[in-house]
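Data from entry_1.txt: compact mmCIF, N, CA and C atoms
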# COMPACT_ATOMS: atom_id res chain seq x y z
N MET A 1 -11.51 -18.62 -1.21
CA MET A 1 -11.55 -17.21 -0.91
C MET A 1 -12.81 -16.60 -1.53
N ASP A 2 -13.37 -15.67 -0.86
CA ASP A 2 -14.59 -15.00 -1.30
C ASP A 2 -14.32 -14.17 -2.56
N ASP A 3 -15.22 -14.24 -3.57
CA ASP A 3 -15.05 -13.49 -4.81
C ASP A 3 -14.98 -11.99 -4.55
N LYS A 4 -15.72 -11.49 -3.58
CA LYS A 4 -15.71 -10.07 -3.28
C LYS A 4 -14.32 -9.63 -2.81
N LYS A 5 -13.64 -10.44 -2.04
CA LYS A 5 -12.31 -10.10 -1.56
C LYS A 5 -11.29 -10.08 -2.70
N ILE A 6 -11.47 -10.94 -3.68
CA ILE A 6 -10.54 -10.99 -4.80
C ILE A 6 -10.60 -9.71 -5.62
N ASN A 7 -11.78 -9.14 -5.80
CA ASN A 7 -11.95 -7.98 -6.66
C ASN A 7 -11.96 -6.65 -5.91
N LEU A 8 -11.51 -6.60 -4.69
CA LEU A 8 -11.55 -5.36 -3.93
C LEU A 8 -10.82 -4.20 -4.61
N PRO A 9 -9.66 -4.38 -5.22
CA PRO A 9 -9.04 -3.24 -5.91
C PRO A 9 -9.93 -2.68 -7.03
N ASP A 10 -10.74 -3.54 -7.64
CA ASP A 10 -11.61 -3.08 -8.71
C ASP A 10 -12.79 -2.26 -8.21
N CYS A 11 -13.05 -2.29 -6.91
CA CYS A 11 -14.13 -1.48 -6.33
C CYS A 11 -13.71 -0.02 -6.18
N CYS A 12 -12.44 0.27 -6.30
CA CYS A 12 -11.94 1.64 -6.19
C CYS A 12 -12.47 2.47 -7.36
N ILE A 13 -13.10 3.60 -7.03
CA ILE A 13 -13.67 4.45 -8.08
C ILE A 13 -12.75 5.61 -8.44
N ALA A 14 -11.53 5.61 -7.92
CA ALA A 14 -10.51 6.61 -8.22
C ALA A 14 -10.96 8.03 -7.89
N CYS A 15 -11.61 8.19 -6.75
CA CYS A 15 -12.13 9.50 -6.36
C CYS A 15 -11.08 10.37 -5.69
N THR A 16 -9.97 9.83 -5.29
CA THR A 16 -8.85 10.47 -4.60
C THR A 16 -9.17 10.93 -3.17
N ALA A 17 -10.25 10.45 -2.59
CA ALA A 17 -10.55 10.79 -1.19
C ALA A 17 -9.46 10.28 -0.27
N CYS A 18 -8.89 9.14 -0.59
CA CYS A 18 -7.83 8.57 0.24
C CYS A 18 -6.56 9.42 0.18
N ILE A 19 -6.29 9.99 -0.97
CA ILE A 19 -5.09 10.81 -1.12
C ILE A 19 -5.22 12.09 -0.30
N THR A 20 -6.39 12.71 -0.31
CA THR A 20 -6.58 13.94 0.46
C THR A 20 -6.57 13.67 1.97
N ALA A 21 -6.92 12.46 2.39
CA ALA A 21 -6.93 12.11 3.81
C ALA A 21 -5.58 11.63 4.32
N CYS A 22 -4.64 11.36 3.42
CA CYS A 22 -3.35 10.77 3.78
C CYS A 22 -2.37 11.82 4.31
N PRO A 23 -1.91 11.66 5.56
CA PRO A 23 -0.96 12.63 6.10
C PRO A 23 0.43 12.51 5.47
N VAL A 24 0.78 11.33 5.00
CA VAL A 24 2.10 11.13 4.39
C VAL A 24 2.16 11.81 3.03
N THR A 25 1.09 11.71 2.25
CA THR A 25 1.04 12.38 0.95
C THR A 25 1.14 13.89 1.12
N ALA A 26 0.55 14.42 2.17
CA ALA A 26 0.62 15.85 2.43
C ALA A 26 2.03 16.27 2.85
N ALA A 27 2.79 15.35 3.45
CA ALA A 27 4.11 15.68 3.97
C ALA A 27 5.24 15.51 2.94
N THR A 28 5.09 14.57 2.01
CA THR A 28 6.16 14.32 1.04
C THR A 28 5.60 13.93 -0.31
N HIS A 29 6.32 14.35 -1.35
CA HIS A 29 5.92 13.97 -2.71
C HIS A 29 6.56 12.65 -3.14
N LYS A 30 7.37 12.06 -2.27
CA LYS A 30 7.99 10.77 -2.59
C LYS A 30 6.98 9.63 -2.51
N PHE A 31 5.94 9.82 -1.71
CA PHE A 31 4.88 8.81 -1.59
C PHE A 31 3.81 9.13 -2.63
N ARG A 32 3.51 8.18 -3.48
CA ARG A 32 2.57 8.41 -4.57
C ARG A 32 1.12 8.45 -4.12
N GLY A 33 0.87 8.09 -2.89
CA GLY A 33 -0.49 8.12 -2.37
C GLY A 33 -1.06 6.74 -2.20
N PRO A 34 -2.03 6.59 -1.28
CA PRO A 34 -2.58 5.27 -0.99
C PRO A 34 -3.27 4.63 -2.18
N LYS A 35 -3.92 5.41 -3.00
CA LYS A 35 -4.63 4.85 -4.16
C LYS A 35 -3.65 4.28 -5.17
N MET A 36 -2.55 4.99 -5.40
CA MET A 36 -1.59 4.58 -6.43
C MET A 36 -0.75 3.39 -6.02
N VAL A 37 -0.48 3.24 -4.74
CA VAL A 37 0.33 2.10 -4.31
C VAL A 37 -0.51 0.93 -3.81
N GLY A 38 -1.80 1.14 -3.67
CA GLY A 38 -2.72 0.09 -3.23
C GLY A 38 -3.54 -0.48 -4.37
N PRO A 39 -4.76 0.02 -4.57
CA PRO A 39 -5.64 -0.53 -5.61
C PRO A 39 -5.07 -0.42 -7.02
N ALA A 40 -4.49 0.73 -7.37
CA ALA A 40 -3.96 0.90 -8.73
C ALA A 40 -2.79 -0.05 -9.00
N GLN A 41 -1.89 -0.18 -8.02
CA GLN A 41 -0.75 -1.08 -8.20
C GLN A 41 -1.20 -2.53 -8.23
N SER A 42 -2.25 -2.88 -7.50
CA SER A 42 -2.77 -4.25 -7.53
C SER A 42 -3.28 -4.59 -8.93
N ARG A 43 -3.90 -3.62 -9.58
CA ARG A 43 -4.36 -3.85 -10.96
C ARG A 43 -3.19 -3.99 -11.91
N LEU A 44 -2.15 -3.18 -11.74
CA LEU A 44 -0.99 -3.21 -12.63
C LEU A 44 -0.19 -4.49 -12.48
N ASN A 45 -0.27 -5.15 -11.34
CA ASN A 45 0.49 -6.39 -11.14
C ASN A 45 0.05 -7.49 -12.09
N PHE A 46 -1.15 -7.37 -12.65
CA PHE A 46 -1.57 -8.35 -13.65
C PHE A 46 -0.79 -8.16 -14.94
N ALA A 47 -0.40 -6.92 -15.24
CA ALA A 47 0.32 -6.61 -16.46
C ALA A 47 1.82 -6.83 -16.30
N GLN A 48 2.35 -6.49 -15.15
CA GLN A 48 3.79 -6.64 -14.90
C GLN A 48 4.02 -6.95 -13.44
N ASN A 49 5.04 -7.72 -13.18
CA ASN A 49 5.36 -8.08 -11.80
C ASN A 49 6.37 -7.07 -11.27
N ASP A 50 5.87 -5.97 -10.75
CA ASP A 50 6.72 -4.90 -10.26
C ASP A 50 6.22 -4.45 -8.90
N SER A 51 7.12 -4.03 -8.06
CA SER A 51 6.76 -3.58 -6.72
C SER A 51 6.95 -2.08 -6.62
N GLU A 52 6.15 -1.45 -5.80
CA GLU A 52 6.20 -0.01 -5.61
C GLU A 52 7.09 0.31 -4.42
N ALA A 53 8.22 0.96 -4.66
CA ALA A 53 9.16 1.27 -3.59
C ALA A 53 8.63 2.31 -2.61
N SER A 54 7.71 3.17 -3.05
CA SER A 54 7.22 4.22 -2.16
C SER A 54 6.27 3.68 -1.08
N LEU A 55 5.96 2.40 -1.11
CA LEU A 55 5.16 1.79 -0.04
C LEU A 55 5.83 1.95 1.32
N GLU A 56 7.13 2.10 1.31
CA GLU A 56 7.90 2.26 2.53
C GLU A 56 7.45 3.49 3.33
N TYR A 57 6.88 4.47 2.65
CA TYR A 57 6.46 5.69 3.32
C TYR A 57 5.11 5.57 4.02
N CYS A 58 4.31 4.59 3.67
CA CYS A 58 2.98 4.43 4.26
C CYS A 58 3.12 4.14 5.76
N SER A 59 2.42 4.92 6.58
CA SER A 59 2.49 4.74 8.03
C SER A 59 1.40 3.80 8.55
N ASN A 60 0.53 3.33 7.67
CA ASN A 60 -0.57 2.43 8.01
C ASN A 60 -1.50 3.06 9.06
N CYS A 61 -1.79 4.35 8.88
CA CYS A 61 -2.66 5.06 9.82
C CYS A 61 -4.14 4.76 9.58
N LYS A 62 -4.46 4.19 8.42
CA LYS A 62 -5.81 3.77 8.02
C LYS A 62 -6.77 4.94 7.75
N ASN A 63 -6.26 6.16 7.61
CA ASN A 63 -7.12 7.28 7.22
C ASN A 63 -7.72 7.04 5.84
N CYS A 64 -6.99 6.35 4.98
CA CYS A 64 -7.50 6.06 3.64
C CYS A 64 -8.71 5.13 3.70
N ASP A 65 -8.68 4.16 4.63
CA ASP A 65 -9.83 3.26 4.80
C ASP A 65 -11.06 4.03 5.26
N ILE A 66 -10.86 4.96 6.18
CA ILE A 66 -11.96 5.75 6.71
C ILE A 66 -12.54 6.65 5.63
N ALA A 67 -11.68 7.23 4.79
CA ALA A 67 -12.13 8.20 3.78
C ALA A 67 -12.75 7.54 2.55
N CYS A 68 -12.48 6.28 2.31
CA CYS A 68 -12.92 5.62 1.08
C CYS A 68 -14.44 5.43 1.04
N PRO A 69 -15.13 6.03 0.06
CA PRO A 69 -16.58 5.86 -0.03
C PRO A 69 -17.00 4.48 -0.53
N SER A 70 -16.06 3.75 -1.13
CA SER A 70 -16.36 2.41 -1.64
C SER A 70 -15.98 1.31 -0.67
N SER A 71 -15.50 1.68 0.49
CA SER A 71 -15.08 0.73 1.54
C SER A 71 -14.00 -0.24 1.08
N VAL A 72 -13.10 0.24 0.24
CA VAL A 72 -11.96 -0.57 -0.17
C VAL A 72 -10.93 -0.52 0.96
N PRO A 73 -10.45 -1.67 1.44
CA PRO A 73 -9.46 -1.67 2.52
C PRO A 73 -8.07 -1.34 1.98
N ILE A 74 -7.86 -0.08 1.69
CA ILE A 74 -6.64 0.37 1.02
C ILE A 74 -5.41 0.07 1.87
N SER A 75 -5.48 0.29 3.17
CA SER A 75 -4.32 0.04 4.02
C SER A 75 -3.94 -1.44 4.01
N THR A 76 -4.92 -2.31 3.95
CA THR A 76 -4.64 -3.75 3.87
C THR A 76 -3.97 -4.09 2.54
N LEU A 77 -4.47 -3.53 1.46
CA LEU A 77 -3.85 -3.75 0.15
C LEU A 77 -2.41 -3.24 0.15
N ASN A 78 -2.19 -2.09 0.78
CA ASN A 78 -0.84 -1.54 0.86
C ASN A 78 0.09 -2.45 1.66
N MET A 79 -0.40 -2.98 2.77
CA MET A 79 0.44 -3.85 3.60
C MET A 79 0.71 -5.19 2.90
N LEU A 80 -0.25 -5.70 2.15
CA LEU A 80 -0.01 -6.92 1.37
C LEU A 80 1.02 -6.66 0.28
N ALA A 81 0.94 -5.50 -0.35
CA ALA A 81 1.93 -5.15 -1.37
C ALA A 81 3.30 -4.95 -0.74
N ARG A 82 3.33 -4.37 0.46
CA ARG A 82 4.60 -4.18 1.16
C ARG A 82 5.23 -5.52 1.50
N ALA A 83 4.43 -6.47 1.95
CA ALA A 83 4.94 -7.81 2.26
C ALA A 83 5.52 -8.47 1.01
N LYS A 84 4.84 -8.31 -0.12
CA LYS A 84 5.34 -8.87 -1.38
C LYS A 84 6.64 -8.18 -1.79
N TYR A 85 6.71 -6.87 -1.59
CA TYR A 85 7.92 -6.11 -1.92
C TYR A 85 9.11 -6.62 -1.11
N TYR A 86 8.91 -6.87 0.19
CA TYR A 86 10.01 -7.30 1.04
C TYR A 86 10.38 -8.77 0.87
N GLU A 87 9.64 -9.52 0.06
CA GLU A 87 10.07 -10.88 -0.28
C GLU A 87 11.31 -10.84 -1.15
N THR A 88 11.48 -9.78 -1.94
CA THR A 88 12.62 -9.68 -2.86
C THR A 88 13.57 -8.53 -2.54
N HIS A 89 13.22 -7.69 -1.57
CA HIS A 89 14.06 -6.55 -1.20
C HIS A 89 14.38 -6.64 0.28
N PRO A 90 15.62 -6.30 0.66
CA PRO A 90 15.97 -6.39 2.08
C PRO A 90 15.33 -5.25 2.89
N HIS A 91 15.04 -5.55 4.15
CA HIS A 91 14.55 -4.53 5.08
C HIS A 91 15.69 -3.58 5.42
N SER A 92 15.35 -2.36 5.74
CA SER A 92 16.37 -1.42 6.20
C SER A 92 16.79 -1.80 7.62
N GLN A 93 17.94 -1.32 8.04
CA GLN A 93 18.41 -1.60 9.39
C GLN A 93 17.43 -1.04 10.43
N ARG A 94 16.85 0.12 10.14
CA ARG A 94 15.86 0.72 11.04
C ARG A 94 14.68 -0.21 11.22
N ASP A 95 14.14 -0.78 10.12
CA ASP A 95 13.01 -1.68 10.21
C ASP A 95 13.35 -2.95 10.98
N GLU A 96 14.54 -3.47 10.76
CA GLU A 96 14.98 -4.67 11.50
C GLU A 96 15.04 -4.39 13.00
N MET A 97 15.58 -3.25 13.36
CA MET A 97 15.72 -2.90 14.78
C MET A 97 14.36 -2.64 15.42
N MET A 98 13.47 -1.96 14.70
CA MET A 98 12.13 -1.66 15.25
C MET A 98 11.26 -2.91 15.31
N GLY A 99 11.44 -3.82 14.35
CA GLY A 99 10.64 -5.03 14.30
C GLY A 99 11.09 -6.13 15.24
N HIS A 100 12.36 -6.07 15.64
CA HIS A 100 12.93 -7.09 16.53
C HIS A 100 13.72 -6.41 17.64
N PRO A 101 13.03 -5.80 18.60
CA PRO A 101 13.73 -5.02 19.63
C PRO A 101 14.55 -5.86 20.60
N GLU A 102 14.29 -7.15 20.64
CA GLU A 102 15.03 -7.98 21.58
C GLU A 102 16.47 -8.08 21.17

Would you encode the structure as structure tokens?
Amino acid sequence: MDDKKINLPDCCIACTACITACPVTAATHKFRGPKMVGPAQSRLNFAQNDSEASLEYCSNCKNCDIACPSSVPISTLNMLARAKYYETHPHSQRDEMMGHPE
């Protein structure tokens, strides 16, 4: 794997541009924001193995990627964290039905 890809969360300069561009953060205070559940949580995973439950609110609209001046793929980091979260937590019935319509 490329060294640049490994350190992508560290490229975040914590400017909060992603938070101001996020429609979910504007709609609810339950979502901590793309920066806090993406790059910041990726850094914290080195200290503790914990998952962020508010990732469920991310709509993956990618506005955070567009707004980021450091070109950190925040939506990708969020989706990777969401995948890790669902390894140990069950999907909701809504997610099961939407993900498997057949």

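Shortest separation to Leu55 in chain A among A:Ile13, A:Gly33, A:Ala26, A:Met97 occurs at residue A:Gly33, atoms counted being only C-alpha atoms.
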
* Asked: Do you have the CA of Tyr57 in chain A-CA of His100 in chain A distance handy?
  ->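 So the two atoms, CA of Tyr57 in chain A and CA of His100 in chain A, lie 19.5 Å apart.
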
* To do: In Å, rounded to a single decimal, give me how far CA of Pro101 in chain A is from atom C of Arg82 in chain A.
  =>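 The value is 20.0 Å.
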
* Select, from A:Ala27, A:Asn78, A:Cys12, A:Asp95, the residue with the minimum atom-to-atom distance to Cys58 in chain A, counting all atoms listed in the file. => A:Asn78

* Can you tell me how far CA of Cys11 in chain A sits from atom C of Pro23 in chain A, in Å to one decimal? ->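 Straight-line distance from CA of Cys11 in chain A to atom C of Pro23 in chain A works out to 23.4 Å.
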
* Considering all atoms listed in the file, state which residue in the set A:Glu56, A:Thr16, A:Ser71, A:Pro9 is at the smallest distance from Phe31 in chain A. => A:Glu56

* Asked: Got a sec to check which residues sit within 8 Å of (-13.7, 10.8, -3.0), counting only C-alpha atoms, and write them as a ChimeraX atom specification?
  -> /A:14-18,67-69

* Residue with smallest distance to Pro34 in chain A - pool A:Gln93, A:Pro73, A:Ile19, A:Met79, counting all atoms listed in the file ->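 Among A:Gln93, A:Pro73, A:Ile19, A:Met79, it is A:Ile19 that comes nearest to Pro34 in chain A.
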
* Pick from A:Ser75, A:Thr20, A:Thr88, A:Thr28, whichever lies nearest to Asn60 in chain A using all atoms listed in the file ->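 Result for the nearest residue to Asn60 in chain A: A:Ser75.
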
* Pick the closest to Ala21 in chain A from A:Val72, A:Cys64, A:Leu77, A:Met98: which is it, counting all atoms listed in the file? ->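 Going through A:Val72, A:Cys64, A:Leu77, A:Met98 one by one, the smallest distance to Ala21 in chain A is for A:Cys64.
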